[in-house]
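Asker: Structure file data26.csv (CSV, C-alpha atoms) is given on the next line.
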chain,number,residue,atom,x,y,z
A,1,MET,CA,-7.7,-75.5,-126.6
A,2,LYS,CA,-4.2,-74.0,-126.8
A,3,GLU,CA,-3.9,-73.7,-123.1
A,4,VAL,CA,-5.5,-77.2,-122.6
A,5,ARG,CA,-3.0,-78.8,-125.0
A,6,LYS,CA,-0.1,-76.9,-123.4
A,7,LYS,CA,-1.0,-78.1,-119.9
A,8,ALA,CA,-1.6,-81.7,-121.1
A,9,ARG,CA,1.9,-81.7,-122.8
A,10,ASP,CA,3.5,-80.7,-119.4
A,11,LEU,CA,1.5,-83.3,-117.4
A,12,MET,CA,2.0,-86.1,-120.0
A,13,ALA,CA,5.7,-85.6,-120.5
A,14,GLY,CA,7.4,-88.9,-121.2
A,15,TYR,CA,4.1,-90.6,-122.1
A,16,CYS,CA,2.6,-88.4,-124.8
A,17,LYS,CA,4.2,-85.5,-126.7
A,18,VAL,CA,0.8,-84.0,-127.6
A,19,CYS,CA,2.1,-83.5,-131.2
A,20,PRO,CA,0.5,-80.8,-133.4
A,21,ILE,CA,-0.7,-83.7,-135.6
A,22,CYS,CA,-1.5,-86.9,-133.6
A,23,ASN,CA,-0.4,-89.5,-136.2
A,24,GLY,CA,1.6,-92.0,-134.2
A,25,LYS,CA,5.0,-91.3,-135.7
A,26,ALA,CA,6.7,-89.8,-132.7
A,27,CYS,CA,5.4,-92.4,-130.3
A,28,ALA,CA,5.8,-95.6,-132.4
A,29,GLY,CA,6.3,-98.6,-130.2
A,30,GLU,CA,5.5,-96.8,-127.0
A,31,VAL,CA,3.1,-99.3,-125.3
A,32,PRO,CA,2.5,-98.7,-122.4
A,33,GLY,CA,2.2,-95.0,-123.3
A,34,MET,CA,0.1,-93.5,-126.0
A,35,GLY,CA,1.8,-95.0,-129.1
A,36,GLY,CA,1.1,-97.8,-131.5
A,37,LEU,CA,2.4,-101.3,-131.2
A,38,GLY,CA,5.7,-102.3,-132.8
A,39,THR,CA,6.4,-100.1,-135.9
A,40,GLY,CA,3.3,-98.1,-135.1
A,41,SER,CA,2.0,-98.7,-138.6
A,42,SER,CA,-1.5,-99.6,-137.5
A,43,PHE,CA,-1.9,-96.3,-135.6
A,44,MET,CA,-0.3,-94.4,-138.5
A,45,ASN,CA,-2.5,-96.2,-141.1
A,46,ASN,CA,-5.6,-95.0,-139.2
A,47,VAL,CA,-4.6,-91.4,-139.6
A,48,ALA,CA,-3.3,-91.8,-143.2
A,49,ALA,CA,-6.4,-93.6,-144.4
A,50,LEU,CA,-8.7,-90.7,-143.2
A,51,ALA,CA,-6.3,-88.1,-144.7
A,52,GLN,CA,-6.7,-89.8,-148.1
A,53,VAL,CA,-10.5,-89.3,-148.0
A,54,ARG,CA,-11.4,-86.0,-149.7
A,55,PHE,CA,-14.7,-84.0,-149.8
A,56,ASN,CA,-16.7,-82.8,-152.7
A,57,MET,CA,-17.3,-79.1,-151.8
A,58,ARG,CA,-20.8,-78.0,-152.7
A,59,LEU,CA,-22.4,-74.7,-152.0
A,60,ILE,CA,-25.5,-74.4,-154.2
A,61,HIS,CA,-28.0,-75.8,-151.6
A,62,GLY,CA,-30.1,-74.7,-148.6
A,63,ALA,CA,-28.2,-76.5,-145.8
A,64,GLU,CA,-27.3,-73.3,-144.0
A,65,LEU,CA,-28.0,-74.5,-140.5
A,66,PRO,CA,-27.2,-78.2,-140.4
A,67,ASP,CA,-28.6,-80.5,-137.8
A,68,THR,CA,-25.8,-82.4,-136.2
A,69,SER,CA,-28.0,-84.5,-133.9
A,70,THR,CA,-28.7,-88.2,-134.1
A,71,THR,CA,-30.1,-91.1,-132.2
A,72,LEU,CA,-27.8,-94.1,-131.5
A,73,LEU,CA,-28.9,-97.3,-129.7
A,74,GLY,CA,-31.9,-95.4,-128.3
A,75,ARG,CA,-29.9,-92.4,-127.0
A,76,LYS,CA,-30.4,-89.0,-128.5
A,77,LEU,CA,-27.0,-87.3,-129.1
A,78,SER,CA,-26.2,-83.7,-130.1
A,79,MET,CA,-23.8,-85.2,-132.6
A,80,PRO,CA,-22.7,-88.7,-133.6
A,81,VAL,CA,-19.6,-88.6,-131.4
A,82,LEU,CA,-18.6,-90.7,-128.4
A,83,ALA,CA,-15.4,-90.7,-126.3
A,84,ALA,CA,-13.7,-94.1,-126.8
A,85,PRO,CA,-13.0,-96.3,-123.8
A,86,ILE,CA,-9.5,-95.6,-122.6
A,87,GLY,CA,-8.0,-96.5,-119.2
A,88,GLY,CA,-4.7,-96.7,-117.4
A,89,VAL,CA,-3.9,-93.0,-116.6
A,90,SER,CA,-1.0,-94.0,-114.4
A,91,PHE,CA,0.9,-96.1,-116.9
A,92,ASN,CA,-0.3,-94.7,-120.2
A,93,MET,CA,-0.7,-91.0,-119.5
A,94,GLY,CA,1.7,-90.2,-116.7
A,95,GLY,CA,-0.6,-90.4,-113.7
A,96,LYS,CA,-0.7,-86.6,-112.9
A,97,ILE,CA,-4.4,-86.9,-112.3
A,98,THR,CA,-6.2,-90.0,-110.9
A,99,GLU,CA,-8.2,-92.5,-112.8
A,100,GLN,CA,-11.3,-91.3,-111.1
A,101,GLU,CA,-10.6,-87.7,-112.1
A,102,TYR,CA,-10.0,-88.8,-115.7
A,103,CYS,CA,-13.3,-90.8,-115.9
A,104,ASP,CA,-15.3,-88.0,-114.3
A,105,ALA,CA,-13.8,-85.5,-116.7
A,106,VAL,CA,-14.5,-87.4,-119.8
A,107,LEU,CA,-17.9,-88.7,-119.0
A,108,GLY,CA,-19.0,-85.4,-117.4
A,109,GLY,CA,-17.7,-83.3,-120.3
A,110,CYS,CA,-19.6,-85.6,-122.7
A,111,VAL,CA,-22.9,-85.3,-120.8
A,112,ASP,CA,-22.4,-81.5,-120.7
A,113,LYS,CA,-22.3,-81.4,-124.5
A,114,GLY,CA,-25.0,-83.9,-125.2
A,115,VAL,CA,-22.9,-87.0,-126.1
A,116,LEU,CA,-21.8,-90.2,-124.4
A,117,GLY,CA,-18.5,-91.2,-123.0
A,118,CYS,CA,-17.2,-94.8,-122.7
A,119,THR,CA,-15.1,-96.2,-119.9
A,120,GLY,CA,-12.2,-98.7,-120.1
A,121,ASP,CA,-11.1,-101.8,-118.2
A,122,GLY,CA,-7.8,-103.3,-117.1
A,123,VAL,CA,-5.5,-103.9,-114.3
A,124,PRO,CA,-5.5,-102.8,-111.4
A,125,PRO,CA,-9.2,-102.9,-110.5
A,126,PHE,CA,-9.5,-99.2,-109.9
A,127,ILE,CA,-9.5,-98.7,-113.7
A,128,HIS,CA,-12.9,-100.3,-114.2
A,129,GLU,CA,-14.1,-99.3,-110.7
A,130,SER,CA,-13.5,-95.6,-111.5
A,131,GLY,CA,-15.4,-95.9,-114.8
A,132,PHE,CA,-18.3,-97.6,-113.2
A,133,ALA,CA,-18.5,-94.9,-110.4
A,134,ALA,CA,-18.5,-92.2,-113.1
A,135,ILE,CA,-21.3,-93.8,-115.0
A,136,GLU,CA,-23.4,-94.3,-111.9
A,137,ALA,CA,-22.8,-90.8,-110.7
A,138,LEU,CA,-24.2,-89.6,-114.0
A,139,GLY,CA,-27.3,-91.7,-113.8
A,140,GLY,CA,-26.2,-94.3,-116.3
A,141,ALA,CA,-25.0,-91.8,-118.9
A,142,GLY,CA,-22.0,-93.8,-120.3
A,143,ILE,CA,-21.0,-97.1,-121.8
A,144,ALA,CA,-18.7,-99.5,-119.9
A,145,PHE,CA,-16.5,-101.6,-122.0
A,146,ILE,CA,-15.1,-104.8,-120.5
A,147,LYS,CA,-12.1,-106.7,-121.7
A,148,PRO,CA,-12.5,-110.3,-123.1
A,149,TRP,CA,-11.5,-112.0,-119.8
A,150,ASP,CA,-12.1,-115.6,-118.8
A,151,ASP,CA,-15.7,-116.4,-117.8
A,152,LYS,CA,-15.7,-115.6,-114.1
A,153,GLU,CA,-14.2,-112.2,-114.3
A,154,LEU,CA,-16.0,-111.3,-117.5
A,155,TYR,CA,-19.5,-112.1,-116.2
A,156,GLU,CA,-18.8,-110.4,-112.8
A,157,LYS,CA,-17.7,-107.2,-114.5
A,158,LEU,CA,-20.6,-107.3,-117.0
A,159,ASP,CA,-23.1,-107.6,-114.1
A,160,LYS,CA,-21.4,-104.7,-112.3
A,161,ALA,CA,-21.5,-102.6,-115.5
A,162,VAL,CA,-25.3,-103.1,-115.8
A,163,ALA,CA,-25.7,-102.2,-112.1
A,164,THR,CA,-24.4,-98.7,-112.8
A,165,GLY,CA,-27.7,-97.9,-114.5
A,166,THR,CA,-26.4,-97.8,-118.1
A,167,ASP,CA,-28.6,-99.5,-120.8
A,168,ILE,CA,-25.6,-100.1,-123.1
A,169,VAL,CA,-22.6,-102.3,-122.3
A,170,GLY,CA,-19.7,-103.3,-124.5
A,171,MET,CA,-16.7,-105.6,-124.8
A,172,ASP,CA,-13.5,-104.5,-126.6
A,173,ILE,CA,-12.7,-107.9,-128.1
A,174,ASP,CA,-9.8,-106.1,-129.9
A,175,ALA,CA,-8.0,-106.1,-126.5
A,176,ALA,CA,-7.3,-109.8,-127.0
A,177,GLY,CA,-3.6,-110.2,-126.6
A,178,LEU,CA,-3.1,-106.7,-125.3
A,179,VAL,CA,0.6,-106.3,-124.3
A,180,THR,CA,0.1,-104.3,-121.1
A,181,LEU,CA,-2.2,-107.0,-119.7
A,182,ARG,CA,0.1,-109.8,-120.6
A,183,LEU,CA,2.9,-108.0,-118.8
A,184,MET,CA,0.7,-108.0,-115.7
A,185,GLY,CA,0.0,-111.7,-116.0
A,186,ARG,CA,-3.6,-111.2,-116.9
A,187,PRO,CA,-4.0,-112.4,-120.5
A,188,VAL,CA,-7.3,-111.9,-122.4
A,189,GLY,CA,-8.4,-113.7,-125.6
A,190,PRO,CA,-10.7,-114.0,-128.5
A,191,LYS,CA,-14.2,-115.6,-128.3
A,192,PRO,CA,-15.8,-118.2,-130.6
A,193,LEU,CA,-19.3,-117.4,-131.9
A,194,ASP,CA,-21.1,-119.7,-129.5
A,195,LYS,CA,-19.3,-118.2,-126.5
A,196,LEU,CA,-20.1,-114.7,-127.8
A,197,LYS,CA,-23.8,-115.6,-128.1
A,198,ASP,CA,-23.8,-116.7,-124.4
A,199,ILE,CA,-22.0,-113.5,-123.3
A,200,ILE,CA,-24.5,-111.3,-125.2
A,201,SER,CA,-27.5,-113.2,-124.0
A,202,HIS,CA,-26.3,-112.9,-120.4
A,203,VAL,CA,-26.4,-109.1,-120.5
A,204,PRO,CA,-29.8,-107.4,-120.0
A,205,ALA,CA,-28.7,-104.3,-122.0
A,206,LYS,CA,-27.8,-103.4,-125.5
A,207,PHE,CA,-24.4,-105.0,-126.3
A,208,VAL,CA,-21.7,-103.3,-128.4
A,209,LEU,CA,-18.7,-105.4,-129.7
A,210,LYS,CA,-15.6,-103.3,-130.3
A,211,GLY,CA,-12.8,-104.6,-132.5
A,212,VAL,CA,-14.5,-105.6,-135.8
A,213,MET,CA,-12.2,-105.2,-138.8
A,214,THR,CA,-13.7,-107.5,-141.4
A,215,PRO,CA,-17.1,-108.1,-143.0
A,216,ASP,CA,-17.2,-111.7,-141.8
A,217,ASP,CA,-16.6,-110.7,-138.2
A,218,ALA,CA,-19.3,-108.1,-138.6
A,219,LYS,CA,-21.8,-110.7,-139.7
A,220,ARG,CA,-20.8,-113.0,-136.8
A,221,ALA,CA,-21.4,-110.1,-134.4
A,222,VAL,CA,-24.9,-109.7,-135.8
A,223,ASP,CA,-25.5,-113.4,-135.6
A,224,ALA,CA,-24.4,-113.3,-132.0
A,225,GLY,CA,-27.0,-110.7,-131.1
A,226,ALA,CA,-24.9,-107.5,-130.9
A,227,ALA,CA,-26.8,-104.3,-131.0
A,228,GLY,CA,-23.8,-102.4,-132.2
A,229,ILE,CA,-20.2,-102.9,-133.5
A,230,VAL,CA,-17.2,-100.7,-133.4
A,231,VAL,CA,-14.8,-100.9,-136.4
A,232,SER,CA,-11.5,-100.6,-134.5
A,233,ASN,CA,-8.0,-101.9,-134.4
A,234,HIS,CA,-7.6,-100.7,-130.7
A,235,GLY,CA,-5.9,-97.6,-131.8
A,236,GLY,CA,-3.1,-99.6,-133.4
A,237,ARG,CA,-2.1,-101.0,-130.0
A,238,VAL,CA,-2.6,-104.7,-130.4
A,239,LEU,CA,-1.6,-105.8,-133.9
A,240,ASP,CA,1.0,-104.2,-136.1
A,241,HIS,CA,0.4,-103.8,-139.9
A,242,THR,CA,-3.4,-103.6,-140.0
A,243,PRO,CA,-5.1,-101.4,-142.4
A,244,GLY,CA,-6.7,-98.1,-141.2
A,245,THR,CA,-10.2,-98.3,-140.0
A,246,ALA,CA,-11.4,-95.9,-142.8
A,247,GLU,CA,-10.1,-98.4,-145.3
A,248,VAL,CA,-12.2,-101.4,-144.0
A,249,LEU,CA,-15.3,-99.4,-142.9
A,250,PRO,CA,-17.0,-99.4,-146.3
A,251,TYR,CA,-16.7,-103.2,-146.6
A,252,VAL,CA,-18.1,-103.7,-143.1
A,253,ALA,CA,-20.9,-101.2,-143.8
A,254,SER,CA,-21.8,-103.0,-147.1
A,255,ALA,CA,-22.1,-106.3,-145.2
A,256,VAL,CA,-24.2,-105.2,-142.2
A,257,LYS,CA,-25.6,-101.7,-142.6
A,258,GLY,CA,-29.1,-101.4,-141.2
A,259,GLN,CA,-28.7,-104.7,-139.2
A,260,VAL,CA,-26.7,-103.2,-136.4
A,261,ALA,CA,-25.4,-99.8,-135.2
A,262,ILE,CA,-22.0,-99.2,-136.8
A,263,LEU,CA,-19.5,-97.2,-134.9
A,264,VAL,CA,-15.8,-96.6,-135.8
A,265,ASP,CA,-12.7,-95.2,-134.2
A,266,GLY,CA,-9.1,-94.7,-135.3
A,267,GLY,CA,-7.4,-91.5,-136.3
A,268,VAL,CA,-10.4,-89.3,-135.8
A,269,ARG,CA,-9.3,-85.9,-134.7
A,270,THR,CA,-11.7,-83.3,-136.1
A,271,GLY,CA,-15.3,-82.7,-137.0
A,272,GLY,CA,-14.3,-83.2,-140.7
A,273,ASP,CA,-13.0,-86.6,-139.8
A,274,VAL,CA,-16.3,-87.4,-138.2
A,275,LEU,CA,-18.2,-86.5,-141.4
A,276,LYS,CA,-15.8,-88.6,-143.5
A,277,MET,CA,-16.5,-91.7,-141.4
A,278,LEU,CA,-20.3,-91.1,-141.6
A,279,ALA,CA,-20.0,-90.9,-145.4
A,280,LEU,CA,-18.0,-94.1,-145.4
A,281,GLY,CA,-20.8,-95.9,-143.6
A,282,ALA,CA,-20.6,-95.3,-139.9
A,283,ASP,CA,-23.7,-94.3,-137.8
A,284,ALA,CA,-21.4,-92.7,-135.1
A,285,VAL,CA,-17.8,-92.2,-134.4
A,286,MET,CA,-15.6,-92.8,-131.3
A,287,ILE,CA,-12.6,-90.5,-130.6
A,288,GLY,CA,-9.8,-91.7,-128.4
A,289,ARG,CA,-6.5,-89.9,-127.8
A,290,PRO,CA,-7.7,-86.3,-128.2
A,291,PHE,CA,-10.0,-86.9,-125.2
A,292,CYS,CA,-6.9,-87.9,-123.1
A,293,THR,CA,-5.3,-84.6,-124.0
A,294,ALA,CA,-8.5,-82.6,-123.2
A,295,ALA,CA,-9.1,-84.4,-119.9
A,296,LEU,CA,-5.5,-84.1,-118.7
A,297,GLY,CA,-5.2,-80.5,-119.8
A,298,GLY,CA,-8.5,-79.2,-118.7
A,299,LEU,CA,-10.6,-81.9,-116.9
A,300,ARG,CA,-14.3,-81.7,-117.5
A,301,GLU,CA,-14.1,-78.2,-118.9
A,302,GLY,CA,-11.3,-79.2,-121.3
A,303,VAL,CA,-13.4,-82.1,-122.6
A,304,GLY,CA,-16.3,-79.7,-123.2
A,305,LYS,CA,-14.1,-77.3,-125.1
A,306,TYR,CA,-12.8,-80.1,-127.3
A,307,LEU,CA,-16.4,-81.3,-128.0
A,308,GLU,CA,-17.4,-77.7,-128.9
A,309,GLN,CA,-14.5,-77.6,-131.3
A,310,VAL,CA,-15.5,-80.9,-132.9
A,311,ARG,CA,-19.1,-79.9,-133.3
A,312,GLY,CA,-18.2,-76.5,-134.9
A,313,GLU,CA,-15.9,-78.3,-137.3
A,314,LEU,CA,-18.6,-80.9,-138.1
A,315,ALA,CA,-21.3,-78.2,-138.8
A,316,GLN,CA,-18.9,-76.3,-141.0
A,317,ALA,CA,-18.0,-79.4,-143.0
A,318,MET,CA,-21.7,-80.2,-143.4
A,319,ILE,CA,-22.5,-76.8,-144.7
A,320,LEU,CA,-19.6,-77.0,-147.2
A,321,THR,CA,-20.7,-80.4,-148.5
A,322,GLY,CA,-24.5,-79.7,-148.6
A,323,CYS,CA,-25.5,-81.9,-145.6
A,324,ALA,CA,-28.6,-80.6,-143.9
A,325,SER,CA,-28.5,-83.5,-141.4
A,326,VAL,CA,-26.0,-86.2,-140.5
A,327,ALA,CA,-28.2,-88.6,-142.4
A,328,ASP,CA,-27.3,-86.7,-145.6
A,329,ALA,CA,-23.7,-87.7,-145.3
A,330,GLY,CA,-23.5,-90.3,-148.1
A,331,ARG,CA,-20.7,-91.4,-150.4
A,332,ASP,CA,-21.7,-88.6,-152.8
A,333,ILE,CA,-20.0,-86.0,-150.5
A,334,LEU,CA,-16.7,-87.8,-151.1
A,335,PHE,CA,-14.5,-87.1,-154.1
A,336,GLY,CA,-14.0,-90.1,-156.3
A,337,ALA,CA,-16.3,-92.3,-154.3
Have the structure of the file written as structure tokens, please.

Answerer:
Amino acid sequence: MKEVRKKARDLMAGYCKVCPICNGKACAGEVPGMGGLGTGSSFMNNVAALAQVRFNMRLIHGAELPDTSTTLLGRKLSMPVLAAPIGGVSFNMGGKITEQEYCDAVLGGCVDKGVLGCTGDGVPPFIHESGFAAIEALGGAGIAFIKPWDDKELYEKLDKAVATGTDIVGMDIDAAGLVTLRLMGRPVGPKPLDKLKDIISHVPAKFVLKGVMTPDDAKRAVDAGAAGIVVSNHGGRVLDHTPGTAEVLPYVASAVKGQVAILVDGGVRTGGDVLKMLALGADAVMIGRPFCTAALGGLREGVGKYLEQVRGELAQAMILTGCASVADAGRDILFGA
């Protein structure tokens, strides 16, 4: 990964510094770019919240060869990890590779390692078109996330997403008010419960709602018919001064665990971070910015190398906390929990 990161740093110059610790401090306010909105506190809080979670190290057990696999929304995964939906290579990452090359690298690398990649949406149209093409080329192995547009555009894109062959479709409702879209004259917005029910019932696929940060919104998502939710503050890019996702995840899990698949993103960098999120109540974890680095620095192979690293770290953390399977990752593996 050293060479991948070095190449990514060169290609993303002026957009991402590929810091040794990706914590949002050096890129605060850089939106467009890879930073967090305003002071960058929401991005930084995601990383800080995870860093404050500590493990109980336990070695008197038989979990020598842990099983990292899981099943999520009907899909068998080699580990509970997905690539988060990110788009806009030209204005967020420097544009040294095309949107299509980026989508092909992320989704293809994920398929190679037995997990799923997600695709983003935005302006101009080639952002979602590239993602749809990548999913279709992989026989539906990916999740397309659509922004919360007005009805006509929203329903058209949802229909096109289903046509790629995927059986899981999502909406990143946390993109409501996204600065980059407003600058382009294409505002998006929140959805009331009745409208959300209509949207979900329109889609003949499992529906994932990304951008849940409170237990009451989680309950509303369940009431609306969502198959999955993603606890997410959009990487700290839409609202300054939110808590880190690891802080709110336990409250969300307490409210809806077992009723809906619970995913989470925000500040996840390593396999250890993945295990922490599972212990806090997630069924699976999305990772964002590190996939940008891996794809820019090494395309499909770079994404694969990063996933190998994460899986190795996850297995090691499971051994050192006594988890024979990911289902064993409960609050008891966390210190002070």

Asker: In Å to one decimal, how far is CA of Ser254 (chain A) from CA of Val285 (chain A)?

Answerer: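 So the two atoms, CA of Val285 (chain A) and CA of Ser254 (chain A), lie 17.1 Å apart.
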
Asker: Can you pull out the residues contacting region 306-320 of chain A? Cut-off 9 Å, using only C-alpha atoms, and skip same-chain residues under 4 positions away; I want them as a PyMOL selection string.

Answerer: chain A and resi 1+55-59+61-68+78-79+81+109-110+113+115+269-275+290-291+294+301-302+324-326+328-329

Asker: Write out as a PDB file with C-alpha atoms, keeping the file's coordinate frame which residues come within 12 Å of Asp283 (chain A) when counting all atoms listed in the file, dropping same-chain ones fewer than 5 positions away.

Answerer:
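New file out.pdb:
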ATOM      1  CA  SER A  69     -28.000 -84.500-133.900  1.00  0.00           C
ATOM      2  CA  THR A  70     -28.700 -88.200-134.100  1.00  0.00           C
ATOM      3  CA  THR A  71     -30.100 -91.100-132.200  1.00  0.00           C
ATOM      4  CA  LEU A  72     -27.800 -94.100-131.500  1.00  0.00           C
ATOM      5  CA  LEU A  73     -28.900 -97.300-129.700  1.00  0.00           C
ATOM      6  CA  LEU A  77     -27.000 -87.300-129.100  1.00  0.00           C
ATOM      7  CA  MET A  79     -23.800 -85.200-132.600  1.00  0.00           C
ATOM      8  CA  PRO A  80     -22.700 -88.700-133.600  1.00  0.00           C
ATOM      9  CA  VAL A  81     -19.600 -88.600-131.400  1.00  0.00           C
ATOM     10  CA  LEU A  82     -18.600 -90.700-128.400  1.00  0.00           C
ATOM     11  CA  GLY A 228     -23.800-102.400-132.200  1.00  0.00           C
ATOM     12  CA  ILE A 229     -20.200-102.900-133.500  1.00  0.00           C
ATOM     13  CA  VAL A 230     -17.200-100.700-133.400  1.00  0.00           C
ATOM     14  CA  VAL A 231     -14.800-100.900-136.400  1.00  0.00           C
ATOM     15  CA  LEU A 249     -15.300 -99.400-142.900  1.00  0.00           C
ATOM     16  CA  PRO A 250     -17.000 -99.400-146.300  1.00  0.00           C
ATOM     17  CA  ALA A 253     -20.900-101.200-143.800  1.00  0.00           C
ATOM     18  CA  VAL A 256     -24.200-105.200-142.200  1.00  0.00           C
ATOM     19  CA  LYS A 257     -25.600-101.700-142.600  1.00  0.00           C
ATOM     20  CA  GLY A 258     -29.100-101.400-141.200  1.00  0.00           C
ATOM     21  CA  GLN A 259     -28.700-104.700-139.200  1.00  0.00           C
ATOM     22  CA  VAL A 260     -26.700-103.200-136.400  1.00  0.00           C
ATOM     23  CA  ALA A 261     -25.400 -99.800-135.200  1.00  0.00           C
ATOM     24  CA  ILE A 262     -22.000 -99.200-136.800  1.00  0.00           C
ATOM     25  CA  LEU A 263     -19.500 -97.200-134.900  1.00  0.00           C
ATOM     26  CA  VAL A 264     -15.800 -96.600-135.800  1.00  0.00           C
ATOM     27  CA  ASP A 265     -12.700 -95.200-134.200  1.00  0.00           C
ATOM     28  CA  VAL A 274     -16.300 -87.400-138.200  1.00  0.00           C
ATOM     29  CA  LEU A 275     -18.200 -86.500-141.400  1.00  0.00           C
ATOM     30  CA  LYS A 276     -15.800 -88.600-143.500  1.00  0.00           C
ATOM     31  CA  MET A 277     -16.500 -91.700-141.400  1.00  0.00           C
ATOM     32  CA  LEU A 278     -20.300 -91.100-141.600  1.00  0.00           C
ATOM     33  CA  VAL A 326     -26.000 -86.200-140.500  1.00  0.00           C
ATOM     34  CA  ALA A 327     -28.200 -88.600-142.400  1.00  0.00           C
ATOM     35  CA  ASP A 328     -27.300 -86.700-145.600  1.00  0.00           C
ATOM     36  CA  ALA A 329     -23.700 -87.700-145.300  1.00  0.00           C
ATOM     37  CA  GLY A 330     -23.500 -90.300-148.100  1.00  0.00           C
TER      38      GLY A 330
END

Asker: Pick the closest to Asn45 (chain A) from A:Ala246, A:Ile97, A:Val252, A:Ala282: which is it, counting all atoms listed in the file?

Answerer: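 Of A:Ala246, A:Ile97, A:Val252, A:Ala282, the one nearest Asn45 (chain A), counting all atoms listed in the file, is A:Ala246.
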
Asker: What gap, in Å, lies between CA of Arg300 (chain A) and CA of Ala26 (chain A)?

Answerer: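 Answer for the CA of Arg300 (chain A) to CA of Ala26 (chain A) separation: 27.2 Å.
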
Asker: Which one is closest to Gly336 (chain A): A:Leu37, A:Arg54, A:Ile287, A:Ala28? Count only C-alpha atoms.

Answerer: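 Between A:Leu37, A:Arg54, A:Ile287, A:Ala28, the residue approaching Gly336 (chain A) most closely is A:Arg54.
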
Asker: Need the shell around Pro148 (chain A): protein/DNA/RNA residues with any atom at most 7 Å away, counting only C-alpha atoms. Skip same-chain ones fewer than 4 positions apart. Format as a PyMOL selection string?

Answerer: chain A and resi 154+171-173+176+188-190

Asker: Have a look at A:Ala337, A:Ala137, A:Ala221, A:Leu178 and name the one nearest to Gly36 (chain A); count only C-alpha atoms.

Answerer: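 Among the listed residues, A:Leu178 lies closest to Gly36 (chain A).
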
Asker: How many Å lie between CA of Val303 (chain A) and CA of Gly140 (chain A), rounded to one decimal?

Answerer: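 Straight-line distance from CA of Val303 (chain A) to CA of Gly140 (chain A) works out to 18.8 Å.
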
Asker: Pick from A:Gly95, A:Leu50, A:Lys17, A:Lys206: nearest to Val169 (chain A), with only C-alpha atoms counted?

Answerer: A:Lys206

Asker: Find, counting all atoms listed in the file, the residue in A:Ala279, A:Leu158, A:Ile333, A:Ile168 that gets nearest to Asp121 (chain A).

Answerer: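 When distances to Asp121 (chain A) are compared using all atoms listed in the file, the smallest one comes from A:Leu158.
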
Asker: Under the rule that all atoms listed in the file are counted, which of A:Tyr15, A:Ile143, A:Gly24, A:Asp150 is the nearest residue to Ser42 (chain A)?

Answerer: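 Between A:Tyr15, A:Ile143, A:Gly24, A:Asp150, the residue approaching Ser42 (chain A) most closely is A:Gly24.
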
Asker: Need to verify the contact set: Phe43 (chain A), 9 Å, only C-alpha atoms, exclusion of same-chain residues closer than 3 positions in sequence. Can you return it as a PyMOL selection string?

Answerer: chain A and resi 23-25+28+35-37+40+46-48+233-237+240-242+244+266-267
